[in-house]
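Peer 1: Sharing protein.txt, compact mmCIF, C-alpha atoms:
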# COMPACT_ATOMS: atom_id res chain seq x y z
CA MET D 243 -49.46 -3.00 -128.61
CA SER D 244 -49.24 -1.30 -125.21
CA MET D 245 -47.79 2.16 -124.63
CA LYS D 246 -44.97 0.45 -122.74
CA GLU D 247 -44.10 -1.59 -125.82
CA ILE D 248 -44.43 1.44 -128.08
CA GLU D 249 -42.22 3.60 -125.86
CA GLU D 250 -39.69 1.09 -124.55
CA GLY D 251 -39.61 -1.48 -127.32
CA ASN D 252 -37.44 -2.10 -130.36
CA GLU D 253 -40.35 -2.61 -132.72
CA LEU D 254 -41.28 0.10 -135.20
CA ARG D 255 -45.00 0.69 -134.75
CA LEU D 256 -45.54 4.11 -136.22
CA ASP D 257 -48.85 5.75 -135.45
CA PHE D 258 -49.93 7.38 -138.68
CA THR D 259 -53.30 8.31 -137.21
CA LYS D 260 -52.15 11.09 -134.88
CA LEU D 261 -52.63 13.96 -137.33
CA GLN D 262 -56.05 12.66 -138.24
CA LYS D 263 -56.93 12.64 -134.55
CA VAL D 264 -55.54 16.14 -134.07
CA ALA D 265 -57.49 17.43 -137.04
CA GLY D 266 -60.55 15.48 -136.01
CA THR D 267 -60.81 17.73 -132.98
CA GLY D 268 -61.29 20.66 -135.35
CA LEU D 269 -58.72 22.64 -133.41
CA PRO D 270 -56.74 25.29 -135.26
CA VAL D 271 -53.26 24.13 -134.24
CA LEU D 272 -49.92 23.96 -135.97
CA PRO D 273 -46.90 21.79 -135.30
CA VAL D 274 -44.14 23.17 -133.11
CA VAL D 275 -40.63 21.75 -133.20
CA VAL D 276 -38.92 22.19 -129.86
CA GLN D 277 -35.14 22.42 -129.96
CA ASP D 278 -32.67 22.81 -127.10
CA ALA D 279 -30.97 26.17 -127.68
CA ASP D 280 -27.75 24.91 -126.07
CA SER D 281 -27.30 21.27 -127.07
CA ARG D 282 -29.24 21.89 -130.31
CA ASP D 283 -30.98 18.54 -129.83
CA VAL D 284 -34.49 18.32 -131.20
CA LEU D 285 -36.55 17.49 -128.12
CA LEU D 286 -40.12 16.96 -129.25
CA VAL D 287 -42.92 18.00 -131.57
CA ALA D 288 -46.03 19.49 -130.03
CA TYR D 289 -48.97 21.55 -131.25
CA SER D 290 -49.90 25.15 -130.54
CA ASN D 291 -52.77 27.45 -131.22
CA ARG D 292 -52.80 31.22 -130.94
CA GLU D 293 -53.56 31.14 -127.23
CA ALA D 294 -50.67 28.78 -126.47
CA LEU D 295 -48.28 30.91 -128.49
CA GLU D 296 -49.39 34.09 -126.75
CA ARG D 297 -49.10 32.47 -123.35
CA SER D 298 -45.60 31.24 -124.21
CA LEU D 299 -44.54 34.76 -125.18
CA GLU D 300 -46.12 36.34 -122.09
CA THR D 301 -44.68 33.88 -119.57
CA GLY D 302 -41.44 32.86 -121.24
CA VAL D 303 -42.39 29.24 -120.62
CA ALA D 304 -42.99 26.92 -123.59
CA THR D 305 -46.72 26.29 -123.66
CA PHE D 306 -48.67 24.16 -126.10
CA TRP D 307 -52.19 23.05 -126.77
CA SER D 308 -52.87 19.52 -125.62
CA THR D 309 -54.74 17.96 -128.50
CA SER D 310 -55.73 14.97 -126.37
CA ARG D 311 -57.02 16.93 -123.37
CA ASN D 312 -58.06 19.95 -125.44
CA GLU D 313 -56.55 22.44 -123.04
CA LEU D 314 -53.56 24.69 -122.56
CA TRP D 315 -50.51 22.61 -121.73
CA ILE D 316 -47.66 24.21 -119.83
CA LYS D 317 -45.07 21.55 -120.44
CA GLY D 318 -43.54 20.31 -117.20
CA ARG D 319 -45.90 22.17 -114.90
CA THR D 320 -46.42 19.05 -112.82
CA SER D 321 -43.01 17.41 -113.24
CA GLY D 322 -41.01 20.62 -112.89
CA ASP D 323 -39.38 19.96 -116.26
CA THR D 324 -40.50 23.24 -117.78
CA LEU D 325 -38.82 24.73 -120.82
CA ALA D 326 -37.80 28.38 -120.85
CA LEU D 327 -38.54 29.98 -124.19
CA VAL D 328 -35.45 31.50 -125.79
CA ASP D 329 -36.69 32.25 -129.30
CA VAL D 330 -39.62 31.58 -131.61
CA ARG D 331 -38.88 30.97 -135.28
CA VAL D 332 -41.46 30.89 -138.04
CA ASN D 333 -41.14 28.92 -141.28
CA CYS D 334 -41.48 30.28 -144.80
CA GLU D 335 -45.14 29.40 -145.23
CA GLN D 336 -46.02 30.34 -141.65
CA ASN D 337 -47.58 26.97 -140.95
CA SER D 338 -45.16 25.64 -138.35
CA LEU D 339 -43.08 27.03 -135.49
CA LEU D 340 -39.69 26.32 -134.00
CA TYR D 341 -39.29 27.02 -130.29
CA LEU D 342 -35.73 27.31 -129.06
CA VAL D 343 -35.75 26.47 -125.37
CA ARG D 344 -33.59 25.97 -122.35
CA ARG D 345 -34.28 23.14 -119.95
CA VAL D 346 -35.20 24.21 -116.42
CA GLY D 347 -35.63 20.78 -114.86
CA GLY D 348 -33.70 17.63 -115.65
CA GLY D 349 -35.44 15.98 -118.53
CA VAL D 350 -37.92 16.57 -121.28
CA CYS D 351 -39.67 13.36 -122.24
CA HIS D 352 -42.31 11.76 -120.02
CA THR D 353 -40.46 8.44 -120.36
CA ARG D 354 -37.58 7.39 -118.14
CA ASP D 355 -34.31 5.70 -118.92
CA ALA D 356 -32.89 2.65 -117.15
CA SER D 357 -31.57 4.80 -114.30
CA GLY D 358 -35.03 6.28 -113.71
CA GLN D 359 -34.21 9.72 -115.12
CA THR D 360 -36.63 11.42 -117.47
CA ARG D 361 -35.06 11.31 -120.90
CA ARG D 362 -33.59 14.51 -122.33
CA THR D 363 -35.27 14.15 -125.70
CA CYS D 364 -38.25 12.24 -127.03
CA TYR D 365 -36.09 11.08 -129.97
CA TYR D 366 -34.06 8.52 -128.02
CA ARG D 367 -34.27 5.76 -130.62
CA SER D 368 -32.78 5.40 -134.07
CA LEU D 369 -34.17 3.22 -136.84
CA LYS D 370 -31.61 0.61 -137.92
CA ASP D 371 -32.49 -2.28 -140.22
CA GLY D 372 -36.14 -2.05 -139.33
CA LYS D 373 -35.56 -2.05 -135.58
CA LEU D 374 -35.26 0.70 -133.03
CA ASP D 375 -31.86 1.13 -131.40
CA PHE D 376 -31.76 3.02 -128.12
CA LEU D 377 -29.28 5.87 -128.21
CA THR D 378 -27.11 6.25 -125.16
CA MET T 118 -52.22 38.11 -148.03
CA SER T 119 -50.06 36.83 -150.91
CA MET T 120 -47.46 34.05 -150.58
CA LYS T 121 -44.82 36.70 -151.23
CA GLU T 122 -46.03 38.70 -148.25
CA ILE T 123 -46.27 35.57 -146.11
CA GLU T 124 -42.78 34.41 -147.05
CA GLU T 125 -40.89 37.66 -147.34
CA GLY T 126 -42.79 39.93 -144.99
CA ASN T 127 -42.40 40.99 -141.39
CA GLU T 128 -46.03 40.37 -140.48
CA LEU T 129 -46.98 37.34 -138.44
CA ARG T 130 -49.77 35.62 -140.36
CA LEU T 131 -49.77 32.10 -139.00
CA ASP T 132 -51.73 29.55 -140.95
CA PHE T 133 -53.48 27.42 -138.36
CA THR T 134 -55.43 25.58 -141.04
CA LYS T 135 -52.59 23.49 -142.47
CA LEU T 136 -53.10 20.47 -140.24
CA GLN T 137 -56.81 20.52 -140.93
CA LYS T 138 -56.03 20.51 -144.63
CA VAL T 139 -53.53 17.70 -144.24
CA ALA T 140 -55.99 15.64 -142.27
CA GLY T 141 -58.81 16.56 -144.61
CA THR T 142 -57.05 14.58 -147.31
CA GLY T 143 -57.51 11.47 -145.17
CA LEU T 144 -53.85 10.58 -145.70
CA PRO T 145 -52.10 8.58 -143.00
CA VAL T 146 -49.09 10.87 -142.57
CA LEU T 147 -47.03 11.97 -139.62
CA PRO T 148 -44.87 15.05 -139.12
CA VAL T 149 -41.17 14.78 -139.86
CA VAL T 150 -38.68 17.24 -138.41
CA VAL T 151 -35.68 17.61 -140.70
CA GLN T 152 -32.44 18.60 -139.02
CA ASP T 153 -29.02 19.23 -140.55
CA ALA T 154 -26.73 16.56 -139.08
CA ASP T 155 -23.74 18.91 -139.29
CA SER T 156 -24.94 22.43 -138.46
CA ARG T 157 -27.74 20.99 -136.28
CA ASP T 158 -30.09 23.62 -137.68
CA VAL T 159 -33.72 22.59 -137.93
CA LEU T 160 -34.46 22.94 -141.63
CA LEU T 161 -38.15 22.21 -142.13
CA VAL T 162 -41.14 20.17 -141.13
CA ALA T 163 -42.67 17.88 -143.71
CA TYR T 164 -45.02 14.91 -143.68
CA SER T 165 -44.36 11.27 -144.45
CA ASN T 166 -46.35 8.12 -144.86
CA ARG T 167 -45.07 4.56 -144.86
CA GLU T 168 -44.18 4.67 -148.55
CA ALA T 169 -42.16 7.88 -148.18
CA LEU T 170 -40.28 6.48 -145.20
CA GLU T 171 -39.50 3.24 -147.02
CA ARG T 172 -38.35 5.11 -150.10
CA SER T 173 -36.13 7.33 -147.94
CA LEU T 174 -34.50 4.28 -146.38
CA GLU T 175 -34.06 2.50 -149.72
CA THR T 176 -32.56 5.45 -151.57
CA GLY T 177 -30.82 7.34 -148.78
CA VAL T 178 -32.52 10.52 -149.99
CA ALA T 179 -35.01 12.29 -147.73
CA THR T 180 -38.43 11.70 -149.26
CA PHE T 181 -41.78 12.91 -148.04
CA TRP T 182 -45.42 12.78 -148.96
CA SER T 183 -46.64 15.97 -150.54
CA THR T 184 -49.94 16.65 -148.83
CA SER T 185 -50.86 19.30 -151.39
CA ARG T 186 -50.06 17.25 -154.50
CA ASN T 187 -50.85 13.92 -152.84
CA GLU T 188 -47.76 12.21 -154.22
CA LEU T 189 -44.30 11.09 -153.23
CA TRP T 190 -42.02 14.10 -152.87
CA ILE T 191 -38.29 13.64 -153.29
CA LYS T 192 -37.21 16.93 -151.85
CA GLY T 193 -34.93 18.83 -154.24
CA ARG T 194 -35.40 16.47 -157.18
CA THR T 195 -35.98 19.42 -159.50
CA SER T 196 -33.77 22.02 -157.80
CA GLY T 197 -30.90 19.66 -157.06
CA ASP T 198 -31.11 20.56 -153.37
CA THR T 199 -31.66 17.01 -152.23
CA LEU T 200 -31.01 15.91 -148.67
CA ALA T 201 -28.98 12.78 -147.95
CA LEU T 202 -30.50 10.79 -145.12
CA VAL T 203 -28.05 10.23 -142.27
CA ASP T 204 -30.32 8.87 -139.55
CA VAL T 205 -34.00 8.39 -138.73
CA ARG T 206 -35.11 8.95 -135.14
CA VAL T 207 -38.48 7.98 -133.71
CA ASN T 208 -40.18 9.72 -130.79
CA CYS T 209 -41.50 8.08 -127.64
CA GLU T 210 -45.08 7.69 -128.82
CA GLN T 211 -44.04 6.80 -132.38
CA ASN T 212 -46.15 9.53 -133.92
CA SER T 213 -43.43 11.74 -135.35
CA LEU T 214 -40.03 11.31 -136.98
CA LEU T 215 -36.75 13.16 -136.98
CA TYR T 216 -34.63 12.90 -140.12
CA LEU T 217 -31.00 13.86 -139.72
CA VAL T 218 -29.76 14.90 -143.14
CA ARG T 219 -26.81 16.30 -145.02
CA ARG T 220 -27.30 18.93 -147.68
CA VAL T 221 -26.28 17.87 -151.18
CA GLY T 222 -27.10 21.11 -153.03
CA GLY T 223 -26.80 24.62 -151.72
CA GLY T 224 -30.02 25.42 -149.96
CA VAL T 225 -33.08 23.86 -148.45
CA CYS T 226 -35.99 26.26 -148.54
CA HIS T 227 -37.84 27.10 -151.77
CA THR T 228 -37.44 30.80 -150.92
CA ARG T 229 -34.40 32.85 -151.83
CA ASP T 230 -32.49 35.45 -149.87
CA ALA T 231 -31.52 38.93 -151.12
CA SER T 232 -28.54 37.52 -152.98
CA GLY T 233 -30.74 35.05 -154.86
CA GLN T 234 -29.53 31.97 -153.00
CA THR T 235 -32.03 29.41 -151.74
CA ARG T 236 -32.15 29.76 -147.98
CA ARG T 237 -30.47 27.12 -145.85
CA THR T 238 -33.42 26.68 -143.53
CA CYS T 239 -37.13 27.43 -143.69
CA TYR T 240 -36.88 29.02 -140.22
CA TYR T 241 -35.17 32.23 -141.32
CA ARG T 242 -37.31 34.58 -139.25
CA SER T 243 -37.59 35.14 -135.53
CA LEU T 244 -40.63 36.55 -133.75
CA LYS T 245 -39.74 39.75 -131.89
CA ASP T 246 -42.38 42.05 -130.38
CA GLY T 247 -45.04 40.72 -132.70
CA LYS T 248 -42.97 41.19 -135.86
CA LEU T 249 -40.77 38.85 -137.85
CA ASP T 250 -37.08 39.66 -137.87
CA PHE T 251 -35.02 38.14 -140.66
CA LEU T 252 -32.03 36.24 -139.35
CA THR T 253 -28.80 36.83 -141.15
Please render this file's structure as structure tokens.

Peer 2:
Amino acid sequence: MSMKEIEEGNELRLDFTKLQKVAGTGLPVLPVVVQDADSRDVLLVAYSNREALERSLETGVATFWSTSRNELWIKGRTSGDTLALVDVRVNCEQNSLLYLVRRVGGGVCHTRDASGQTRRTCYYRSLKDGKLDFLT
Amino acid sequence: MSMKEIEEGNELRLDFTKLQKVAGTGLPVLPVVVQDADSRDVLLVAYSNREALERSLETGVATFWSTSRNELWIKGRTSGDTLALVDVRVNCEQNSLLYLVRRVGGGVCHTRDASGQTRRTCYYRSLKDGKLDFLT
């Protein structure tokens, strides 16, 4: 199945291999939930290491570790859709993070809706009766 | 550092090894963000495989895969703090899930606040100047 079908289709084709791939790199990263501090929408899940966290705190711009490119990833640096860091929360066991952010550009996701706008969250589909419904 | 210090302390002691441990089990799981459908608080991050997702959909109770015990984990089955599943969202690349839930019992986290109540989210601390501040 192509990325287009995965991202714009109604078929549920969950990729259960992602964490294995992330871990396969041997990188010491933890999952980061990114939530819009204003709308309170959950926007995406990314991964961070110590360097990405420190850079986020220094610059005030949500920064992650790209597990595919194996490099620091300032989200939106090329698109302009950066995310200003409002707060960093830590979970009980200190093995995940929650970044509260404020959108600087228009969208968040790398995908675009029918009108050509970058979507405001990566969670734009809901699972209903085994199919994916696009949320408006 | 003890779990008590990790969970109830002000020191940042992030565990960057969790994903490696999860992946080391060889289990095909993906991260699940759990958000309160009413308060919109992010409650926790857990992991699910196909079986846990199917069980969640069948029963309407948020169910995960315990990566430490390697078994199906009906969250709150023993404590009574189960989470009713309101909606399942899928991200663009179909490698993470967002469960919108409604609390059935009182709390969510396995930790307890000063009054002895289970906390309502696992993200009860905020990182400020290198230390963890407890949110009220």

Peer 1: Determine which residues of chain D sit within 6 Å of chain T, taking into account all atoms listed in the file, and present them as a list of chain:residue names.

Peer 2: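 My answer is D:Glu249, D:Leu256, D:Asp257, D:Phe258, D:Thr259, D:Gln262, D:Ala265, D:Pro270, D:Val271, D:Leu272, D:Val330, D:Arg331, D:Val332, D:Asn333, D:Cys334, D:Glu335, D:Gln336, D:Asn337, D:Cys364, D:Tyr365, D:Arg367, D:Ser368, D:Leu369.
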
Peer 1: Please indicate the distance in Å from CA of Val350 in chain D to CA of Lys317 in chain D, rounded to one decimal place.

Peer 2: 8.8 Å

Peer 1: Please, what distance in Å, to one decimal, runs between CA of Leu342 in chain D and CA of Gly318 in chain D?

Peer 2: 15.8 Å

Peer 1: Give me, please, the distance in Å between CA of Arg219 in chain T and CA of Asp153 in chain T, quoted to one decimal.

Peer 2: 5.8 Å

Peer 1: Give me, as a PDB file with C-alpha atoms, in the frame of the given file, all polymer residues having an atom no more than 10 Å from range 319-322 of chain D, counting only C-alpha atoms and skipping those fewer than 6 positions away in the same chain.

Peer 2:
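Contents of around-v5.pdb, as written:
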ATOM      1  CA  VAL D 303     -42.390  29.240-120.620  1.00  0.00           C
ATOM      2  CA  THR D 305     -46.720  26.290-123.660  1.00  0.00           C
ATOM      3  CA  VAL D 346     -35.200  24.210-116.420  1.00  0.00           C
ATOM      4  CA  GLY D 347     -35.630  20.780-114.860  1.00  0.00           C
ATOM      5  CA  GLY D 348     -33.700  17.630-115.650  1.00  0.00           C
ATOM      6  CA  GLY D 349     -35.440  15.980-118.530  1.00  0.00           C
ATOM      7  CA  VAL D 350     -37.920  16.570-121.280  1.00  0.00           C
ATOM      8  CA  HIS D 352     -42.310  11.760-120.020  1.00  0.00           C
ATOM      9  CA  THR D 360     -36.630  11.420-117.470  1.00  0.00           C
TER      10      THR D 360
END

Peer 1: Write out as a list in words which residues come within 7 Å of Ala304 in chain D when counting all atoms listed in the file, dropping same-chain ones fewer than 6 positions away.

Peer 2: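 With the cut-off at 7 Å, the set is Ser298, Ile316, Lys317, Leu325, Ala326 and Leu327 of chain D.
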
Peer 1: Any chance you could export the current selection's C-alpha atoms as a PDB file, in the coordinates of the input?

Peer 2:
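Final output, saved to out.pdb:
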ATOM      1  CA  SER D 298     -45.600  31.240-124.210  1.00  0.00           C
ATOM      2  CA  ILE D 316     -47.660  24.210-119.830  1.00  0.00           C
ATOM      3  CA  LYS D 317     -45.070  21.550-120.440  1.00  0.00           C
ATOM      4  CA  LEU D 325     -38.820  24.730-120.820  1.00  0.00           C
ATOM      5  CA  ALA D 326     -37.800  28.380-120.850  1.00  0.00           C
ATOM      6  CA  LEU D 327     -38.540  29.980-124.190  1.00  0.00           C
TER       7      LEU D 327
END
